[in-house]
file upload.cif (mmCIF, C-alpha atoms)
data_model
#
loop_
_atom_site.label_atom_id
_atom_site.label_comp_id
_atom_site.auth_asym_id
_atom_site.auth_seq_id
_atom_site.Cartn_x
_atom_site.Cartn_y
_atom_site.Cartn_z
CA MET A 1 -11.79 20.38 -14.34
CA THR A 2 -9.91 18.15 -16.79
CA GLU A 3 -6.52 19.07 -15.42
CA HIS A 4 -5.30 19.77 -11.92
CA ARG A 5 -1.97 20.33 -10.22
CA GLY A 6 -2.33 19.94 -6.48
CA LYS A 7 -0.09 19.64 -3.47
CA ALA A 8 -0.61 15.89 -3.14
CA LEU A 9 -1.71 14.79 -6.59
CA SER A 10 -2.17 16.00 -10.13
CA TRP A 11 -4.21 14.76 -13.03
CA SER A 12 -4.61 15.25 -16.75
CA ILE A 13 -6.27 13.38 -19.58
CA VAL A 14 -3.85 11.52 -21.87
CA ASN A 15 -5.21 9.54 -24.84
CA GLY A 16 -8.66 9.22 -23.30
CA VAL A 17 -7.30 8.15 -19.91
CA VAL A 18 -7.28 10.23 -16.74
CA GLU A 19 -3.79 9.85 -15.32
CA VAL A 20 -3.62 10.68 -11.64
CA GLU A 21 -0.12 11.14 -10.27
CA LEU A 22 0.34 10.90 -6.50
CA HIS A 23 3.38 12.96 -5.55
CA LEU A 24 3.18 13.91 -1.88
CA ALA A 25 6.46 13.41 0.02
CA PRO A 26 7.57 11.22 1.59
CA CYS A 27 5.31 8.40 0.37
CA ASN A 28 1.83 9.77 -0.39
CA GLU A 29 0.61 9.56 3.19
CA ILE A 30 -3.12 10.11 3.34
CA GLY A 31 -3.81 13.07 5.61
CA THR A 32 -5.67 16.33 5.12
CA ALA A 33 -3.62 17.44 2.06
CA MET A 34 -4.12 14.16 0.20
CA LEU A 35 -7.78 14.00 1.23
CA ALA A 36 -8.40 17.52 -0.08
CA ASP A 37 -6.89 16.64 -3.45
CA LEU A 38 -8.72 13.31 -3.56
CA GLU A 39 -11.96 15.19 -2.94
CA ARG A 40 -11.12 17.49 -5.84
CA ILE A 41 -10.91 14.50 -8.12
CA GLN A 42 -14.09 13.08 -6.62
CA HIS A 43 -15.92 16.29 -7.52
CA ALA A 44 -14.34 16.37 -10.98
CA LEU A 45 -15.31 12.76 -11.76
CA PRO A 46 -18.63 13.53 -13.49
CA GLU A 47 -16.84 15.77 -15.97
CA LEU A 48 -13.88 13.40 -16.36
CA GLU A 49 -16.30 10.54 -17.03
CA GLN A 50 -17.63 12.48 -20.02
CA ARG A 51 -14.17 13.03 -21.45
CA ALA A 52 -12.32 9.80 -20.69
CA GLY A 53 -12.93 6.07 -20.49
CA ALA A 54 -10.36 4.96 -17.94
CA LEU A 55 -8.38 6.28 -15.00
CA ILE A 56 -4.91 5.31 -13.81
CA LEU A 57 -3.67 6.08 -10.31
CA TYR A 58 0.10 5.96 -9.96
CA SER A 59 2.84 7.35 -7.76
CA SER A 60 5.90 9.28 -8.83
CA ARG A 61 7.43 8.82 -5.36
CA LYS A 62 10.24 6.29 -5.55
CA GLU A 63 9.34 4.98 -2.07
CA GLY A 64 6.11 3.54 -3.37
CA PHE A 65 2.43 3.94 -4.12
CA SER A 66 1.43 5.06 -0.61
CA ALA A 67 2.54 4.30 2.94
CA GLY A 68 -1.06 4.75 4.15
CA ALA A 69 -2.73 7.14 6.55
CA ASP A 70 -0.69 10.07 7.82
CA LEU A 71 -0.23 8.83 11.38
CA ARG A 72 2.01 11.72 12.37
CA GLU A 73 -0.63 14.25 11.40
CA LEU A 74 -3.32 12.18 13.09
CA TYR A 75 -1.35 12.01 16.32
CA ALA A 76 -0.35 15.70 16.32
CA GLY A 77 -3.96 16.71 15.63
CA SER A 78 -5.23 14.45 18.40
CA LEU A 79 -2.94 16.08 20.95
CA ARG A 80 -4.44 19.50 20.29
CA THR A 81 -8.05 18.50 20.77
CA SER A 82 -10.38 17.11 23.39
CA GLU A 83 -11.33 13.44 23.24
CA ARG A 84 -14.77 14.32 21.91
CA GLU A 85 -13.33 16.54 19.14
CA ARG A 86 -10.73 13.90 18.35
CA LEU A 87 -13.37 11.23 17.79
CA ALA A 88 -15.58 13.59 15.81
CA GLY A 89 -12.59 14.57 13.67
CA VAL A 90 -11.70 10.96 12.94
CA ARG A 91 -15.28 10.09 12.02
CA ASP A 92 -15.45 13.11 9.74
CA PHE A 93 -12.17 12.15 8.04
CA LEU A 94 -13.32 8.56 7.56
CA THR A 95 -16.69 9.64 6.18
CA ARG A 96 -14.96 11.92 3.68
CA ILE A 97 -12.37 9.36 2.53
CA HIS A 98 -15.11 6.74 2.22
CA GLY A 99 -16.99 9.22 0.02
CA VAL A 100 -13.96 9.51 -2.26
CA LEU A 101 -13.25 5.79 -2.44
CA ASN A 102 -16.91 4.88 -2.95
CA ALA A 103 -17.10 7.39 -5.83
CA LEU A 104 -13.98 5.90 -7.38
CA ASP A 105 -15.30 2.40 -6.83
CA ALA A 106 -18.61 3.26 -8.50
CA SER A 107 -17.23 5.36 -11.34
CA PRO A 108 -18.11 4.12 -14.83
CA LEU A 109 -14.46 4.71 -15.72
CA THR A 110 -12.30 1.61 -15.70
CA THR A 111 -9.90 2.37 -12.87
CA ILE A 112 -6.40 0.97 -12.57
CA ALA A 113 -3.91 1.35 -9.72
CA ALA A 114 -0.32 1.09 -10.97
CA VAL A 115 1.53 0.09 -7.82
CA GLN A 116 5.23 0.08 -7.11
CA GLY A 117 7.09 -0.12 -3.81
CA VAL A 118 5.13 0.27 -0.62
CA CYS A 119 1.36 -0.07 -0.71
CA PHE A 120 0.37 -0.14 2.94
CA GLY A 121 -2.78 0.48 4.94
CA GLY A 122 -4.72 3.41 3.49
CA GLY A 123 -2.65 3.21 0.31
CA PHE A 124 -3.68 -0.42 -0.15
CA GLU A 125 -7.29 0.63 0.50
CA LEU A 126 -7.01 3.28 -2.21
CA ALA A 127 -5.70 0.67 -4.65
CA LEU A 128 -8.46 -1.79 -3.68
CA ALA A 129 -11.09 0.78 -4.67
CA CYS A 130 -9.79 0.51 -8.25
CA ASP A 131 -11.02 -2.12 -10.70
CA LEU A 132 -7.56 -3.48 -11.45
CA ILE A 133 -4.24 -3.42 -9.66
CA VAL A 134 -1.14 -3.67 -11.80
CA ALA A 135 1.84 -4.24 -9.54
CA ASP A 136 5.55 -3.88 -10.11
CA LYS A 137 7.19 -7.13 -8.99
CA MET A 138 8.96 -5.19 -6.23
CA ALA A 139 5.65 -3.90 -4.80
CA ARG A 140 4.72 -4.80 -1.25
CA PHE A 141 1.23 -4.83 0.27
CA ALA A 142 0.23 -4.81 3.94
CA PHE A 143 -2.45 -3.90 6.45
CA PRO A 144 -0.37 -3.10 9.57
CA GLU A 145 -3.22 -1.38 11.47
CA LEU A 146 -3.62 -4.01 14.19
CA ARG A 147 -0.27 -3.12 15.68
CA LEU A 148 -1.79 0.26 16.55
CA GLY A 149 -4.84 -1.40 18.04
CA LEU A 150 -6.94 -0.44 15.03
CA ILE A 151 -8.47 -1.97 11.95
CA PRO A 152 -8.13 -0.57 8.43
CA GLY A 153 -10.56 2.35 8.28
CA PHE A 154 -10.71 3.42 4.64
CA GLY A 155 -12.81 0.48 3.46
CA GLY A 156 -10.02 -2.09 3.63
CA ILE A 157 -11.79 -5.06 5.16
CA PRO A 158 -14.98 -4.94 3.06
CA ARG A 159 -13.02 -4.46 -0.16
CA LEU A 160 -10.46 -7.09 0.81
CA ARG A 161 -13.32 -9.51 1.52
CA ARG A 162 -14.83 -8.68 -1.83
CA ASP A 163 -11.67 -9.62 -3.70
CA ALA A 164 -9.80 -12.25 -1.67
CA GLY A 165 -10.52 -15.49 0.13
CA ASN A 166 -11.05 -15.33 3.85
CA GLY A 167 -7.80 -17.17 4.60
CA VAL A 168 -5.84 -14.37 2.95
CA VAL A 169 -7.99 -11.67 4.51
CA ARG A 170 -7.36 -13.02 8.00
CA ASP A 171 -3.66 -13.62 7.34
CA LEU A 172 -3.14 -10.03 6.21
CA LEU A 173 -5.21 -8.50 8.99
CA LEU A 174 -4.26 -10.65 11.94
CA THR A 175 -0.52 -10.91 11.27
CA GLY A 176 -0.05 -7.44 9.74
CA ARG A 177 2.54 -9.02 7.47
CA SER A 178 3.43 -7.68 4.07
CA ILE A 179 3.16 -9.70 0.88
CA ASN A 180 4.81 -9.26 -2.49
CA ALA A 181 3.12 -8.74 -5.86
CA THR A 182 3.23 -12.41 -6.85
CA LYS A 183 1.54 -13.49 -3.63
CA ALA A 184 -1.00 -10.67 -3.99
CA GLN A 185 -1.74 -11.86 -7.52
CA SER A 186 -2.20 -15.47 -6.40
CA ALA A 187 -4.57 -14.14 -3.70
CA GLY A 188 -6.69 -12.45 -6.37
CA LEU A 189 -5.83 -8.91 -5.34
CA VAL A 190 -3.47 -8.02 -8.17
CA SER A 191 -4.53 -8.43 -11.79
CA GLN A 192 -1.13 -8.21 -13.46
CA VAL A 193 2.46 -8.29 -12.25
CA ALA A 194 4.82 -6.02 -14.18
CA GLY A 195 8.60 -5.94 -14.31
CA GLU A 196 10.50 -3.44 -12.22
CA GLY A 197 9.61 0.12 -13.16
CA GLU A 198 7.04 -1.11 -15.67
CA ALA A 199 3.74 -0.86 -13.74
CA LEU A 200 2.68 2.45 -15.28
CA ARG A 201 3.51 1.28 -18.81
CA VAL A 202 1.51 -1.91 -18.29
CA ALA A 203 -1.36 0.07 -16.76
CA ARG A 204 -1.39 2.38 -19.79
CA ALA A 205 -1.47 -0.59 -22.18
CA THR A 206 -4.29 -2.12 -20.14
CA ALA A 207 -6.24 1.14 -20.12
CA ALA A 208 -5.81 1.45 -23.90
CA GLN A 209 -7.21 -2.06 -24.33
CA THR A 210 -10.28 -1.27 -22.20
CA LEU A 211 -10.99 1.81 -24.33
CA LYS A 212 -11.69 -0.44 -27.33
CA PHE A 213 -15.04 -1.45 -25.86
CA ASP A 214 -18.34 0.35 -25.64
CA ARG A 215 -18.28 2.45 -22.47
CA ALA A 216 -21.84 1.74 -21.41
CA THR A 217 -21.23 -2.01 -21.70
CA SER A 218 -17.98 -1.76 -19.73
CA ALA A 219 -19.72 0.28 -17.03
CA ALA A 220 -22.57 -2.26 -16.83
CA ALA A 221 -20.07 -5.14 -16.56
CA LYS A 222 -18.22 -3.30 -13.80
CA ARG A 223 -21.39 -2.62 -11.81
CA PHE A 224 -22.35 -6.29 -12.08
CA ALA A 225 -18.92 -7.71 -11.25
CA LYS A 226 -17.96 -5.28 -8.52
CA PRO A 227 -20.82 -4.51 -6.15
CA ILE A 228 -19.93 -1.99 -3.46
CA PRO A 229 -20.38 -3.41 0.06
CA LEU A 230 -21.95 -0.20 1.41
CA GLU A 231 -23.45 -1.69 4.58
CA GLU A 232 -20.11 -3.26 5.59
CA LEU A 233 -18.32 -0.02 4.76
CA ARG A 234 -20.63 1.90 7.11
CA ARG A 235 -20.10 -0.68 9.85
CA GLU A 236 -16.36 -0.42 9.37
CA ILE A 237 -16.46 3.30 10.20
CA ASP A 238 -18.39 2.57 13.41
CA LEU A 239 -16.01 -0.20 14.46
CA PHE A 240 -12.95 1.90 13.69
CA CYS A 241 -14.31 4.79 15.78
CA GLU A 242 -15.17 2.43 18.62
CA LEU A 243 -11.59 1.08 18.64
CA PHE A 244 -10.08 4.53 18.17
CA ALA A 245 -11.75 5.73 21.39
CA ARG A 246 -9.58 3.43 23.50
CA PRO A 247 -6.54 4.97 25.26
CA ALA A 248 -4.34 2.15 23.92
CA VAL A 249 -4.65 3.60 20.42
CA MET A 250 -3.23 6.99 21.36
CA GLU A 251 -0.41 5.16 23.11
CA GLY A 252 0.22 3.08 19.99
CA LEU A 253 0.26 6.21 17.84
CA ARG A 254 2.59 7.95 20.26
CA LYS A 255 5.00 5.01 20.16
CA PHE A 256 4.95 4.98 16.36
CA VAL A 257 5.44 8.73 15.99
CA GLU A 258 8.05 9.13 18.70
CA SER A 259 9.88 5.93 17.89
CA THR A 260 13.54 6.19 17.07
CA ASP A 261 13.45 2.57 15.97
CA ALA A 262 15.06 2.32 12.56
CA HIS A 263 12.54 -0.31 11.50
CA PRO A 264 9.09 1.27 11.92
CA TYR A 265 7.69 -0.40 8.81
CA LEU A 266 8.39 -3.94 9.95
CA PRO A 267 5.31 -5.22 11.77
CA MET B 1 18.83 -28.15 -2.60
CA PRO B 2 21.57 -25.55 -2.10
CA THR B 3 23.60 -25.57 1.10
CA LEU B 4 23.27 -22.76 3.64
CA GLU B 5 26.65 -21.52 2.50
CA GLN B 6 25.45 -21.30 -1.11
CA THR B 7 22.23 -19.57 -0.08
CA THR B 8 24.17 -17.08 2.04
CA ASP B 9 26.44 -16.38 -0.89
CA GLU B 10 23.44 -15.68 -3.14
CA VAL B 11 21.93 -13.39 -0.49
CA LEU B 12 25.20 -11.45 -0.34
CA ASN B 13 25.34 -11.21 -4.13
CA LEU B 14 21.78 -9.95 -4.34
CA ALA B 15 22.26 -7.41 -1.55
CA ALA B 16 25.47 -6.11 -3.14
CA SER B 17 23.81 -5.80 -6.52
CA HIS B 18 20.57 -4.24 -5.24
CA PHE B 19 22.24 -1.65 -3.02
CA LYS B 20 25.23 -1.16 -5.33
CA VAL B 21 27.98 -1.99 -2.87
CA PRO B 22 31.09 -4.02 -3.74
CA ARG B 23 30.40 -7.69 -3.03
CA ALA B 24 33.86 -8.07 -1.46
CA GLU B 25 32.84 -5.69 1.33
CA LEU B 26 30.02 -7.94 2.55
CA SER B 27 30.41 -10.90 4.90
CA PRO B 28 27.86 -13.39 6.27
CA ALA B 29 28.08 -12.05 9.84
CA ASP B 30 27.61 -8.41 8.85
CA ASP B 31 24.68 -6.41 10.22
CA PHE B 32 23.02 -5.55 6.93
CA TYR B 33 21.24 -2.48 8.30
CA ARG B 34 24.58 -0.97 9.29
CA LYS B 35 26.69 -2.32 6.49
CA LEU B 36 24.28 -1.29 3.74
CA GLY B 37 23.08 1.81 5.58
CA ILE B 38 19.45 0.89 4.95
CA ASP B 39 16.19 1.66 6.72
CA SER B 40 13.17 -0.56 7.19
CA LEU B 41 11.63 0.31 3.82
CA GLN B 42 14.84 -0.66 2.08
CA ALA B 43 14.94 -3.83 4.16
CA LEU B 44 11.52 -4.66 2.74
CA GLU B 45 12.93 -4.09 -0.75
CA LEU B 46 15.66 -6.60 0.06
CA LEU B 47 13.04 -9.02 1.38
CA THR B 48 11.04 -8.70 -1.83
CA ARG B 49 14.17 -9.13 -3.93
CA LEU B 50 15.03 -12.31 -2.00
CA GLU B 51 11.49 -13.69 -2.23
CA ASN B 52 11.44 -13.12 -5.98
CA HIS B 53 14.87 -14.64 -6.48
CA PHE B 54 14.39 -17.74 -4.35
CA GLY B 55 10.68 -18.16 -5.12
CA VAL B 56 9.77 -18.33 -1.43
CA GLU B 57 7.47 -16.45 0.90
CA LEU B 58 9.28 -14.84 3.78
CA PRO B 59 6.84 -13.25 6.23
CA ASP B 60 8.41 -10.10 7.63
CA TYR B 61 7.70 -11.15 11.22
CA GLU B 62 10.05 -14.08 10.65
CA VAL B 63 12.90 -11.73 9.84
CA GLN B 64 12.07 -9.17 12.51
CA GLY B 65 15.07 -8.92 14.76
CA VAL B 66 17.28 -10.54 12.14
CA SER B 67 20.03 -8.22 11.05
CA ASP B 68 22.88 -10.42 9.78
CA PHE B 69 23.07 -11.98 6.35
CA GLN B 70 23.69 -15.52 7.54
CA THR B 71 20.60 -15.69 9.77
CA LEU B 72 18.58 -14.11 6.97
CA ALA B 73 19.89 -16.83 4.65
CA SER B 74 18.93 -19.52 7.17
CA ARG B 75 15.35 -18.22 7.23
CA ILE B 76 15.26 -18.53 3.45
CA GLN B 77 16.90 -21.95 3.57
CA ALA B 78 14.12 -23.15 5.88
CA ARG B 79 11.58 -22.37 3.17
CA LEU B 80 13.40 -23.80 0.15
#
call {"tool": "encode", "arguments": {"input": "upload.cif", "output": "structure tokens"}}
result
Amino acid sequence: MTEHRGKALSWSIVNGVVEVELHLAPCNEIGTAMLADLERIQHALPELEQRAGALILYSSRKEGFSAGADLRELYAGSLRTSERERLAGVRDFLTRIHGVLNALDASPLTTIAAVQGVCFGGGFELALACDLIVADKMARFAFPELRLGLIPGFGGIPRLRRDAGNGVVRDLLLTGRSINATKAQSAGLVSQVAGEGEALRVARATAAQTLKFDRATSAAAKRFAKPIPLEELRREIDLFCELFARPAVMEGLRKFVESTDAHPYLP
Amino acid sequence: MPTLEQTTDEVLNLAASHFKVPRAELSPADDFYRKLGIDSLQALELLTRLENHFGVELPDYEVQGVSDFQTLASRIQARL
């Protein structure tokens, strides 16, 4: 499937590059709709890898790249199920999203996340699965999960540890604070900072440059430079599920979802 | 180093320009959430704009609870 128009995302091949547009309102929250579309691209990857050399993930939502996991859907779903079903459902979701992100991480395509605006939690984890992050200078990155009594669950900690120094990893995780593109670049998470509204253009120019090289060599270089921390990723799922089983998490989710606070995104 | 008054003035200029409101309508003591009619995501935009302009890092927990321009400017001033 070289072209797809889905509820949450669409893709097509443009000049040898798979361009994946995230367009789920309000800000590409990752719930069942986004997961289903991400799995479609996961299953299409073998064919896309034959027809293209690079892949760009970008958002057409003005709010940003992605605000992360769909907490409202998670909470509403949790209310309708028993505790056992709730935990099984979360583990199943995590296993599936890890499957998508691991496939993206391992793809021989050179993958680029073009980030603007908000790139929080699961959205940040999606970007971290890519080889390069090109960030608009107004982009903002954060892992706010600890305020819900959770850790990032879509591979965030292992991939963050792969790319950034431990001081930055702990700062992001333990304070939940957000950082701008320049700070994220100095931390080694962002490859290039683009001007406002220019991230996609810069990502396209970068993708075009990578296409000049032999694909097999690029894929070999990627495999060597970017090992996938599979064991840590598996342990992350277990730890997330262990934390998710605590009553405090449902209370944290309830507070977030039912909050009338005008500032829910400020940790 | 600029004075707090100068920093506050720059914050007001940036906020007016970013959210496209007349500069004359903004004062240091204004609640920027109310005056600009912004939500938390837009407040983060303002934070990013200020960080980029002043070349400082402003952790969002330091501005949590801050809602007037002058206090926001004082947080920036402390990092200049």
call {"tool": "resolve_selection", "arguments": {"input": "upload.cif", "expression": "the PyMOL selection byres ((chain B and resi 11-20) around 12)", "output": "PyMOL selection string"}}
result
(chain A and resi 138) or (chain B and resi 4-10+21-33+35-39+42-54+68-77)
call {"tool": "write_last_selection", "arguments": {"input": "upload.cif", "atoms": "C-alpha atoms", "output": "PDB file, in the coordinates of the input"}}
result
ATOM      1  CA  MET A 138       8.960  -5.190  -6.230  1.00  0.00           C
TER       2      MET A 138
ATOM      3  CA  LEU B   4      23.270 -22.760   3.640  1.00  0.00           C
ATOM      4  CA  GLU B   5      26.650 -21.520   2.500  1.00  0.00           C
ATOM      5  CA  GLN B   6      25.450 -21.300  -1.110  1.00  0.00           C
ATOM      6  CA  THR B   7      22.230 -19.570  -0.080  1.00  0.00           C
ATOM      7  CA  THR B   8      24.170 -17.080   2.040  1.00  0.00           C
ATOM      8  CA  ASP B   9      26.440 -16.380  -0.890  1.00  0.00           C
ATOM      9  CA  GLU B  10      23.440 -15.680  -3.140  1.00  0.00           C
ATOM     10  CA  VAL B  21      27.980  -1.990  -2.870  1.00  0.00           C
ATOM     11  CA  PRO B  22      31.090  -4.020  -3.740  1.00  0.00           C
ATOM     12  CA  ARG B  23      30.400  -7.690  -3.030  1.00  0.00           C
ATOM     13  CA  ALA B  24      33.860  -8.070  -1.460  1.00  0.00           C
ATOM     14  CA  GLU B  25      32.840  -5.690   1.330  1.00  0.00           C
ATOM     15  CA  LEU B  26      30.020  -7.940   2.550  1.00  0.00           C
ATOM     16  CA  SER B  27      30.410 -10.900   4.900  1.00  0.00           C
ATOM     17  CA  PRO B  28      27.860 -13.390   6.270  1.00  0.00           C
ATOM     18  CA  ALA B  29      28.080 -12.050   9.840  1.00  0.00           C
ATOM     19  CA  ASP B  30      27.610  -8.410   8.850  1.00  0.00           C
ATOM     20  CA  ASP B  31      24.680  -6.410  10.220  1.00  0.00           C
ATOM     21  CA  PHE B  32      23.020  -5.550   6.930  1.00  0.00           C
ATOM     22  CA  TYR B  33      21.240  -2.480   8.300  1.00  0.00           C
ATOM     23  CA  LYS B  35      26.690  -2.320   6.490  1.00  0.00           C
ATOM     24  CA  LEU B  36      24.280  -1.290   3.740  1.00  0.00           C
ATOM     25  CA  GLY B  37      23.080   1.810   5.580  1.00  0.00           C
ATOM     26  CA  ILE B  38      19.450   0.890   4.950  1.00  0.00           C
ATOM     27  CA  ASP B  39      16.190   1.660   6.720  1.00  0.00           C
ATOM     28  CA  GLN B  42      14.840  -0.660   2.080  1.00  0.00           C
ATOM     29  CA  ALA B  43      14.940  -3.830   4.160  1.00  0.00           C
ATOM     30  CA  LEU B  44      11.520  -4.660   2.740  1.00  0.00           C
ATOM     31  CA  GLU B  45      12.930  -4.090  -0.750  1.00  0.00           C
ATOM     32  CA  LEU B  46      15.660  -6.600   0.060  1.00  0.00           C
ATOM     33  CA  LEU B  47      13.040  -9.020   1.380  1.00  0.00           C
ATOM     34  CA  THR B  48      11.040  -8.700  -1.830  1.00  0.00           C
ATOM     35  CA  ARG B  49      14.170  -9.130  -3.930  1.00  0.00           C
ATOM     36  CA  LEU B  50      15.030 -12.310  -2.000  1.00  0.00           C
ATOM     37  CA  GLU B  51      11.490 -13.690  -2.230  1.00  0.00           C
ATOM     38  CA  ASN B  52      11.440 -13.120  -5.980  1.00  0.00           C
ATOM     39  CA  HIS B  53      14.870 -14.640  -6.480  1.00  0.00           C
ATOM     40  CA  PHE B  54      14.390 -17.740  -4.350  1.00  0.00           C
ATOM     41  CA  ASP B  68      22.880 -10.420   9.780  1.00  0.00           C
ATOM     42  CA  PHE B  69      23.070 -11.980   6.350  1.00  0.00           C
ATOM     43  CA  GLN B  70      23.690 -15.520   7.540  1.00  0.00           C
ATOM     44  CA  THR B  71      20.600 -15.690   9.770  1.00  0.00           C
ATOM     45  CA  LEU B  72      18.580 -14.110   6.970  1.00  0.00           C
ATOM     46  CA  ALA B  73      19.890 -16.830   4.650  1.00  0.00           C
ATOM     47  CA  SER B  74      18.930 -19.520   7.170  1.00  0.00           C
ATOM     48  CA  ARG B  75      15.350 -18.220   7.230  1.00  0.00           C
ATOM     49  CA  ILE B  76      15.260 -18.530   3.450  1.00  0.00           C
ATOM     50  CA  GLN B  77      16.900 -21.950   3.570  1.00  0.00           C
TER      51      GLN B  77
END
call {"tool": "atom_distance", "arguments": {"input": "upload.cif", "atom1": "atom CA of Ala187 of chain A", "atom2": "atom CA of Pro229 of chain A"}}
result
19.5 Å
call {"tool": "closest_residue", "arguments": {"input": "upload.cif", "among": "A:Asn180, A:Thr217, A:Gln192, A:Thr2", "to": "chain B", "atoms": "all atoms listed in the file"}}
result
A:Asn180
call {"tool": "residues_near_point", "arguments": {"input": "upload.cif", "point": "(-13.5, 13.0, 8.1)", "cutoff": "12 Å", "atoms": "only C-alpha atoms", "output": "ChimeraX atom specification"}}
result
/A:30-32,35-36,39,74,85-100,153-154,237,241
call {"tool": "resolve_selection", "arguments": {"input": "upload.cif", "expression": "the PyMOL selection byres ((chain A and resi 5) around 12)", "output": "PDB file with C-alpha atoms, in the coordinates of the input"}}
result
ATOM      1  CA  MET A   1     -11.790  20.380 -14.340  1.00  0.00           C
ATOM      2  CA  THR A   2      -9.910  18.150 -16.790  1.00  0.00           C
ATOM      3  CA  GLU A   3      -6.520  19.070 -15.420  1.00  0.00           C
ATOM      4  CA  HIS A   4      -5.300  19.770 -11.920  1.00  0.00           C
ATOM      5  CA  GLY A   6      -2.330  19.940  -6.480  1.00  0.00           C
ATOM      6  CA  LYS A   7      -0.090  19.640  -3.470  1.00  0.00           C
ATOM      7  CA  ALA A   8      -0.610  15.890  -3.140  1.00  0.00           C
ATOM      8  CA  LEU A   9      -1.710  14.790  -6.590  1.00  0.00           C
ATOM      9  CA  SER A  10      -2.170  16.000 -10.130  1.00  0.00           C
ATOM     10  CA  TRP A  11      -4.210  14.760 -13.030  1.00  0.00           C
ATOM     11  CA  SER A  12      -4.610  15.250 -16.750  1.00  0.00           C
ATOM     12  CA  GLU A  19      -3.790   9.850 -15.320  1.00  0.00           C
ATOM     13  CA  VAL A  20      -3.620  10.680 -11.640  1.00  0.00           C
ATOM     14  CA  GLU A  21      -0.120  11.140 -10.270  1.00  0.00           C
ATOM     15  CA  LEU A  22       0.340  10.900  -6.500  1.00  0.00           C
ATOM     16  CA  HIS A  23       3.380  12.960  -5.550  1.00  0.00           C
ATOM     17  CA  LEU A  24       3.180  13.910  -1.880  1.00  0.00           C
ATOM     18  CA  ASP A  37      -6.890  16.640  -3.450  1.00  0.00           C
ATOM     19  CA  LEU A  38      -8.720  13.310  -3.560  1.00  0.00           C
ATOM     20  CA  ARG A  40     -11.120  17.490  -5.840  1.00  0.00           C
ATOM     21  CA  ILE A  41     -10.910  14.500  -8.120  1.00  0.00           C
TER      22      ILE A  41
END
call {"tool": "axis_aligned_box", "arguments": {"input": "upload.cif", "around": "segment 39-45 of chain B", "padding_each_side": "6 Å", "output": "AutoDock Vina command-line options"}}
result
--center_x 13.9 --center_y -1.5 --center_z 3.2 --size_x 16.7 --size_y 18.3 --size_z 19.9
call {"tool": "residues_around", "arguments": {"input": "upload.cif", "residues": "Phe143 of chain A", "least_positions_apart": "2", "cutoff": "12 Å", "atoms": "only C-alpha atoms", "output": "ChimeraX atom specification"}}
result
/A:67-69,118-125,128,140-141,145-148,150-157,160,168-179,265-267
call {"tool": "resolve_selection", "arguments": {"input": "upload.cif", "expression": "the PyMOL selection byres ((chain A and resi 206) around 10)", "output": "PyMOL selection string"}}
result
chain A and resi 54+56+110+112+132+134+192+200-205+207-211
call {"tool": "atom_distance", "arguments": {"input": "upload.cif", "atom1": "atom CA of Lys137 of chain A", "atom2": "atom CA of Thr182 of chain A"}}
result
6.9 Å
call {"tool": "atom_distance", "arguments": {"input": "upload.cif", "atom1": "atom CA of Leu243 of chain A", "atom2": "atom CA of Pro144 of chain A"}}
result
15.0 Å
call {"tool": "residues_near_point", "arguments": {"input": "upload.cif", "point": "(8.0, 4.6, -3.6)", "cutoff": "10 Å", "atoms": "all atoms listed in the file", "output": "PyMOL selection string"}}
result
(chain A and resi 23+25-28+59-67+115-119+139) or (chain B and resi 41)
call {"tool": "write_last_selection", "arguments": {"input": "upload.cif", "atoms": "C-alpha atoms", "output": "compact mmCIF listing (two decimals), keeping the file's coordinate frame"}}
result
# COMPACT_ATOMS: atom_id res chain seq x y z
CA HIS A 23 3.38 12.96 -5.55
CA ALA A 25 6.46 13.41 0.02
CA PRO A 26 7.57 11.22 1.59
CA CYS A 27 5.31 8.40 0.37
CA ASN A 28 1.83 9.77 -0.39
CA SER A 59 2.84 7.35 -7.76
CA SER A 60 5.90 9.28 -8.83
CA ARG A 61 7.43 8.82 -5.36
CA LYS A 62 10.24 6.29 -5.55
CA GLU A 63 9.34 4.98 -2.07
CA GLY A 64 6.11 3.54 -3.37
CA PHE A 65 2.43 3.94 -4.12
CA SER A 66 1.43 5.06 -0.61
CA ALA A 67 2.54 4.30 2.94
CA VAL A 115 1.53 0.09 -7.82
CA GLN A 116 5.23 0.08 -7.11
CA GLY A 117 7.09 -0.12 -3.81
CA VAL A 118 5.13 0.27 -0.62
CA CYS A 119 1.36 -0.07 -0.71
CA ALA A 139 5.65 -3.90 -4.80
CA LEU B 41 11.63 0.31 3.82
call {"tool": "closest_residue", "arguments": {"input": "upload.cif", "among": "A:Lys183, A:Arg235, A:Arg161, A:Lys212", "to": "chain B", "atoms": "all atoms listed in the file"}}
result
A:Lys183
call {"tool": "closest_residue", "arguments": {"input": "upload.cif", "among": "A:Asp163, A:Glu196, A:Asp214, A:Glu236", "to": "chain B", "atoms": "all atoms listed in the file"}}
result
A:Glu196
call {"tool": "closest_residue", "arguments": {"input": "upload.cif", "among": "B:Arg34, B:Ser40, B:Thr3, B:Glu57", "to": "chain A", "atoms": "all atoms listed in the file"}}
result
B:Ser40
call {"tool": "residues_around", "arguments": {"input": "upload.cif", "residues": "Leu55 of chain A", "least_positions_apart": "2", "cutoff": "6 Å", "atoms": "all atoms listed in the file", "output": "MDAnalysis selection string"}}
result
chainID A and resid 17:19 111
call {"tool": "closest_residue", "arguments": {"input": "upload.cif", "among": "A:Glu47, A:Glu242, A:Glu231, A:Asp136", "to": "chain B", "atoms": "all atoms listed in the file"}}
result
A:Asp136
